[in-house]
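Presented below is the structure to which this report refers.
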Amino acid sequence: MFTRIALALGVLLEAPAVALAQSAYIAPADNLVVDGIPPIPIVIKKDVDRYTHARGAELLDWHPTKAEMLIVTSFANVAQVHVVKSPGGARTQLTFFEDRPTSGVSYQPTRGDYFIFRKDSGGDENYQIYRYDFASSAVTLLTDGKSRNSAGVWSHAGDRIAYTSTRRNGQDVDLYVLNPLDPKSGRMVVALQGGGWRALDWSPDDRRILMQEFISINESYLWIVDAASGERTLFTPKNVSPKVAHDDGRFRADGKAIYVVTDRGGEFRQLASIDISTGQYHVLTAAIPWDIYLYDVAPDGKTIAVVTNEDGFTVLHLIDAATGKERVVPGRREHLTGVFGLRWHKSGRWLGVTFDSGRLTGDAYSLNVTTGKLEQWTFSETGGIDTKQFVDPELVHWRSVDGRTISGFLYRPPGRFTGKRPVIIDIHGGPEEQFQPYFLGRQNYYLNELGVALLFPNIRGSAGYGKSFLKLDNGVLRENAYQDIGALLDWIKTQPALDADRVMITGSSYGGHAALVTATRYPDRIRCIVDRYGPTNLVTFLEHTAGYRRDLRRAEYGDERDSTIRAFLERTAPLTNAAKITKPLFVVQGSNDPIVPPSESEQLMNAVRPRGVPVWYLLVKDGGHGYFNKPARDYEFYATVQFVKAYLLN
């Protein structure tokens, strides 16, 4: 949805935080509703602020004819698009929005005299597509201003974009084509059913459009659509068992085959080419026993840059497009871990990458694949903190209740903290996501100043460990995913450096849901809970989430209209078991969240509060499923630090 840096910058932006009251307390910004949170002393702000001033940068796109790049970084409230014209050159800001970052940013691919991007308003996720003109700095709305629109995919001639939109009925996602120089030229190519469609690529002659039909993380198909008539042809068969995923498809330069990342025939997602005339698959990464995370094909079609997900770590490979044989990545390979934002320059001379690590905030680089020269284009500030003191994560494993091995990443506090250390368990969302090591930004405060260990589990259902592992939490199997957290609490008790009597459980979205389930099942083994917009009852969540995504979520959680599934979801819901939540609870919610509406948070608080359990509530009035405005993020951080000090450490 957003770039990795834009998401990370939600906690890494730089600007004045909140208006300070004349007293010794921090006054919340006008866009915040604070309920049950005690006054926050200014001393907390003074203590933590240097951890909030780091920023990162991510490569978005290369200029088609110049050695220039668009990046996203922040010098204000939210991440903005900047242009950089040389390695280490000035970051010139181009967009100036107040509330939300941009996504789907790409140059016009032949001249580069403008770029397109998309943006929503107040977190409503009704993304609109815009054009930014370099000559005038003008921003022009290209879509209807109401519907939800995907990022635009450029034709090779650079005169049209293909995108999907809910414009017709607000629920189904249809294919549209538009000339960005003429906002009135948009037309629907074909009406489609369901919310899982997206445009992927144009054929070399710009007569056909490749589309993905996404059913679930384990099932997706490719279609070829005639750009003029809208006639569509299924390209990958549906009558196969087990179901197959086909992601990130694009036409080969000669138009005779399609590249795709697929789990067909194996556990992991491999890069393959599919012959258009015969349908024959040719796997290019058979020698790499890991998921392909990203790829980009060099302009001459001879080399493919591939990023693999190797037990949570990302690694760059260069492979021969014809044979799949791996080339040695020139230069300092160790500097290319944590790779994202992968882009070839049209000249084929440079491969653009963004990378970060536990000790380095994200920055944009170029790699000359002939000479091996690696050049840093952006040098992001870290608030005056020497990040060399930050810790790298440790990959840890534990056995779950059924004997299955589960893994996660543990960040240990510096050695100056002695004795058993308190632990914050942070569960990722999705559920079909995966925690991968990255620059933690302000979370380093917990490690370096409070001596709290941070543990990020990848419980069953997480991506990156094979398609069988990915399906282990579907429907009623989610019971085992919940128990993976219980097994993690058991494992913490066996670790001499960790304090099993001081554990906080937290998470965002599905991670918040899992944290709340943990609070109902193991109330005596945790000290407190921080839930960020997590579903509190998967039945009411499925009934009230945005219509365009309801069926996609039913494929994961189960269909609440089925009586057996409904009974399981109700029985395991945090709302049903709210009486078992006995430890202090901090809930954060966006008012405009179309995915997990505020009613999910409110119904749980109404059930917990009457029993005298401390409940803190922060509602962001212009927030959605997450939010990116720095004053709001800062206030949440200050409040969370106070919550941690009050209930985890004391």
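Chain labels follow the order of the structure tokens: the first chain is A, the next B, and so on; residue numbering restarts at 1 in every chain, and ligands are counted from 1 in their shown order.
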### Task
Skip Phe469 in chain A itself and residues of its chain fewer than 4 positions away, then list as a ChimeraX atom specification all residues within 7 Å of it, counting only C-alpha atoms.
/A:460-461,465
### Message
Which residues are near range 557-564 of chain A? Cut-off 7 Å, only C-alpha atoms, ignore same chain within fewer than 5 positions. Put them as a PyMOL selection string.
### Response
chain A and resi 474-475+539
Residues as selected, C-alpha atoms, written as a compact mmCIF listing (two decimals), in the first residue's frame, can you do that?
```
# COMPACT_ATOMS: atom_id res chain seq x y z
CA ASN A 474 -6.97 -20.45 8.29
CA GLY A 475 -10.45 -20.71 9.76
CA VAL A 539 -17.66 -11.82 13.32
```
Which residues are close to range 53-59 of chain A, i.e. within 7 Å by only C-alpha atoms, leaving aside same-chain residues fewer than 2 positions away? Reply as a JSON list (two decimals) with N, CA and C atoms, in the first residue's frame.
```json
[["chain", "number", "residue", "atom", "x", "y", "z"],
["A", 5, "ILE", "N", 9.36, 2.91, 3.67],
["A", 5, "ILE", "CA", 9.82, 4.07, 4.41],
["A", 5, "ILE", "C", 8.65, 4.92, 4.87],
["A", 9, "LEU", "N", 8.22, 5.83, 8.54],
["A", 9, "LEU", "CA", 8.32, 7.22, 8.92],
["A", 9, "LEU", "C", 7.13, 7.66, 9.75],
["A", 12, "LEU", "N", 9.01, 7.87, 12.49],
["A", 12, "LEU", "CA", 10.37, 8.41, 12.34],
["A", 12, "LEU", "C", 10.39, 9.83, 11.79],
["A", 13, "LEU", "N", 9.28, 10.55, 11.90],
["A", 13, "LEU", "CA", 9.23, 11.86, 11.28],
["A", 13, "LEU", "C", 9.82, 12.94, 12.18],
["A", 14, "GLU", "N", 10.15, 14.08, 11.57],
["A", 14, "GLU", "CA", 10.76, 15.16, 12.33],
["A", 14, "GLU", "C", 9.90, 16.40, 12.22],
["A", 49, "ASP", "N", 12.50, 12.57, 23.12],
["A", 49, "ASP", "CA", 12.39, 13.27, 21.84],
["A", 49, "ASP", "C", 13.52, 12.98, 20.86],
["A", 50, "ARG", "N", 14.73, 12.81, 21.34],
["A", 50, "ARG", "CA", 15.82, 12.59, 20.39],
["A", 50, "ARG", "C", 15.64, 11.29, 19.63],
["A", 51, "TYR", "N", 14.82, 10.37, 20.14],
["A", 51, "TYR", "CA", 14.54, 9.13, 19.42],
["A", 51, "TYR", "C", 13.44, 9.31, 18.37],
["A", 61, "ASP", "N", 11.44, 5.90, -7.87],
["A", 61, "ASP", "CA", 11.56, 5.67, -9.31],
["A", 61, "ASP", "C", 12.74, 6.45, -9.85],
["A", 69, "MET", "N", 16.51, 10.61, -9.33],
["A", 69, "MET", "CA", 15.53, 9.71, -8.75],
["A", 69, "MET", "C", 14.53, 10.46, -7.88],
["A", 70, "LEU", "N", 13.33, 9.90, -7.82],
["A", 70, "LEU", "CA", 12.34, 10.34, -6.85],
["A", 70, "LEU", "C", 12.49, 9.47, -5.61],
["A", 71, "ILE", "N", 12.45, 10.12, -4.47],
["A", 71, "ILE", "CA", 12.52, 9.40, -3.20],
["A", 71, "ILE", "C", 11.38, 9.88, -2.30],
["A", 72, "VAL", "N", 11.12, 9.15, -1.24],
["A", 72, "VAL", "CA", 10.20, 9.61, -0.20],
["A", 72, "VAL", "C", 10.98, 9.74, 1.09],
["A", 73, "THR", "N", 10.83, 10.89, 1.73],
["A", 73, "THR", "CA", 11.42, 11.13, 3.04],
["A", 73, "THR", "C", 10.62, 12.24, 3.70],
["A", 74, "SER", "N", 11.01, 12.65, 4.90],
["A", 74, "SER", "CA", 10.22, 13.65, 5.60],
["A", 74, "SER", "C", 11.09, 14.70, 6.26],
["A", 341, "GLY", "N", 12.55, -1.40, -2.37],
["A", 341, "GLY", "CA", 12.59, -0.31, -3.33],
["A", 341, "GLY", "C", 13.50, -0.60, -4.50],
["A", 353, "VAL", "N", 18.48, 0.62, -5.25],
["A", 353, "VAL", "CA", 18.00, -0.16, -4.11],
["A", 353, "VAL", "C", 17.86, 0.77, -2.91],
["A", 354, "THR", "N", 17.05, 0.34, -1.98],
["A", 354, "THR", "CA", 16.99, 0.97, -0.66],
["A", 354, "THR", "C", 17.25, -0.12, 0.35],
["A", 361, "THR", "N", 19.32, 3.55, 9.35],
["A", 361, "THR", "CA", 18.02, 3.91, 8.83],
["A", 361, "THR", "C", 18.02, 3.77, 7.31],
["A", 362, "GLY", "N", 16.87, 3.65, 6.69],
["A", 362, "GLY", "CA", 16.78, 3.40, 5.26],
["A", 362, "GLY", "C", 17.35, 4.54, 4.43],
["A", 363, "ASP", "N", 18.07, 4.19, 3.37],
["A", 363, "ASP", "CA", 18.58, 5.18, 2.42],
["A", 363, "ASP", "C", 18.63, 4.57, 1.02],
["A", 364, "ALA", "N", 18.64, 5.46, 0.02],
["A", 364, "ALA", "CA", 18.65, 5.04, -1.38],
["A", 364, "ALA", "C", 20.08, 4.95, -1.90],
["A", 378, "THR", "N", 21.17, 9.16, -0.66],
["A", 378, "THR", "CA", 20.59, 9.93, 0.44],
["A", 378, "THR", "C", 21.32, 9.59, 1.73],
["A", 380, "SER", "N", 20.32, 9.99, 5.47],
["A", 380, "SER", "CA", 19.24, 10.38, 6.37],
["A", 380, "SER", "C", 19.75, 10.59, 7.79],
["A", 381, "GLU", "N", 19.22, 11.62, 8.42],
["A", 381, "GLU", "CA", 19.62, 12.00, 9.77],
["A", 381, "GLU", "C", 18.96, 11.08, 10.80],
["A", 382, "THR", "N", 19.60, 10.96, 11.93],
["A", 382, "THR", "CA", 19.09, 10.07, 12.99],
["A", 382, "THR", "C", 18.93, 10.81, 14.31],
["A", 383, "GLY", "N", 18.63, 12.10, 14.24],
["A", 383, "GLY", "CA", 18.34, 12.85, 15.45],
["A", 383, "GLY", "C", 19.53, 13.06, 16.35],
["A", 441, "GLY", "N", 13.85, 2.72, 14.75],
["A", 441, "GLY", "CA", 13.52, 4.10, 15.03],
["A", 441, "GLY", "C", 13.33, 4.35, 16.51]]
```
### Task
Identify, on the basis of only C-alpha atoms, every residue whose closest approach to Ile424 in chain A does not exceed 8 Å; exclude the query and any residue fewer than 6 positions from it along the same chain; express the result as a count of residues only.
8
### Message
Please identify the alpha helix (DSSP H) residues within range 321-476 of chain A (assignment by DSSP from backbone atoms) and present them as number ranges by chain.
### Response
A: 444-448, 467-470
Dump of C-alpha atoms for the selected residues, as an mmCIF file, in the first residue's frame:
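part_20.cif was written with the following content:
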```
data_model
loop_
_atom_site.group_PDB
_atom_site.id
_atom_site.type_symbol
_atom_site.label_atom_id
_atom_site.label_comp_id
_atom_site.auth_asym_id
_atom_site.auth_seq_id
_atom_site.Cartn_x
_atom_site.Cartn_y
_atom_site.Cartn_z
ATOM 1 C CA ASN A 444 15.155 1.857 20.277
ATOM 2 C CA TYR A 445 14.249 4.021 23.279
ATOM 3 C CA TYR A 446 12.798 0.971 25.010
ATOM 4 C CA LEU A 447 16.007 -0.950 24.390
ATOM 5 C CA ASN A 448 18.640 1.684 25.048
ATOM 6 C CA LYS A 467 2.676 -22.061 1.687
ATOM 7 C CA SER A 468 1.828 -24.872 4.096
ATOM 8 C CA PHE A 469 2.900 -22.745 7.077
ATOM 9 C CA LEU A 470 0.930 -19.847 5.607
#
```
### Task
Based on DSSP run over this structure's backbone, return all residues of range 115-239 of chain A in strand (DSSP E), as a ChimeraX atom specification.
/A:115-119,128-133,139-141,153-154,161-165,174-178,187-190,197-202,208-216,219-226,232-234
### Query
Neighbours of range 319-326 of chain A within 12 Å (only C-alpha atoms; same-chain residues fewer than 3 positions away dropped), as number ranges by chain?
A: 252-253, 257, 259, 270-273, 282-288, 295-307, 316, 329-330, 369
Go through range 278-387 of chain A and flag each residue having an atom no more than 7 Å from range 76-98 of chain A; for those, report the closest pair of atoms plus their distance in Å to one decimal, using only C-alpha atoms, ordered by chain and rising number, as CSV.
```
residue,atom,partner,partner_atom,distance
A:Glu375,CA,A:Pro87,CA,6.4
A:Gln376,CA,A:Pro87,CA,5.8
A:Trp377,CA,A:Pro87,CA,3.8
A:Thr378,CA,A:Gly88,CA,5.4
A:Phe379,CA,A:Gly88,CA,6.8
```
Saved selection, atoms kept: N, CA and C atoms, as a compact mmCIF listing (two decimals), in the first residue's frame:
```txt
# COMPACT_ATOMS: atom_id res chain seq x y z
N GLU A 375 26.94 3.54 -4.68
CA GLU A 375 26.91 4.95 -4.30
C GLU A 375 25.66 5.25 -3.48
N GLN A 376 25.86 5.98 -2.41
CA GLN A 376 24.75 6.36 -1.55
C GLN A 376 24.18 7.69 -2.03
N TRP A 377 22.87 7.70 -2.31
CA TRP A 377 22.22 8.89 -2.83
C TRP A 377 21.63 9.76 -1.73
N THR A 378 21.17 9.16 -0.66
CA THR A 378 20.59 9.93 0.44
C THR A 378 21.32 9.59 1.73
N PHE A 379 21.43 10.58 2.59
CA PHE A 379 22.08 10.40 3.88
C PHE A 379 21.11 10.90 4.95
```
### Task
Name the residues in contact with Asp254 in chain A at a cut-off of 10 Å, using only C-alpha atoms, excluding same-chain residues fewer than 5 positions from it; report them as a list of chain:residue names.
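So the residues in contact are A:Ser203, A:Pro204, A:Asp205, A:Gly301.
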### Message
Give me, as JSON, numbers by chain, all polymer residues having an atom no more than 8 Å from range 208-210 of chain A, counting only C-alpha atoms and skipping those fewer than 2 positions away in the same chain.
### Response
{"A": [162, 199, 200, 201, 202, 203, 205, 206, 212, 222, 223, 224, 225, 226, 227, 249, 250, 251]}
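CA of Asp275 in chain A is positioned 14.2 Å from CA of Val261 in chain A.
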### Query
Between A:Asp501, A:Asp356, A:Asp473, A:Glu213, which one has atoms that come closest to Leu440 in chain A, using only C-alpha atoms?
A:Asp356
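Between Glu219 in chain A and the residues A:Ala578, A:Lys471, A:Arg416, A:Phe409, the shortest atom-to-atom distance, using only C-alpha atoms, involves A:Lys471.
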### Message
Report, in Å with one decimal, the straight-line distance from CA of Ala135 in chain A to CA of Arg100 in chain A.
### Response
24.2 Å
#### Entry: Between CA of Phe435 in chain A and CA of Ala646 in chain A, distance in Å (one decimal)
27.4 Å
### Summary
Between A:Ile427, A:Leu542, A:Ala463, A:Leu234, smallest distance to Ile485 in chain A by only C-alpha atoms belongs to A:Ile427
### Query
Restricting the calculation to only C-alpha atoms, which member of A:Tyr548, A:Phe313, A:Phe75, A:Tyr638 is positioned closest to Leu192 in chain A?
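So, comparing all the options, the nearest one is A:Tyr548.
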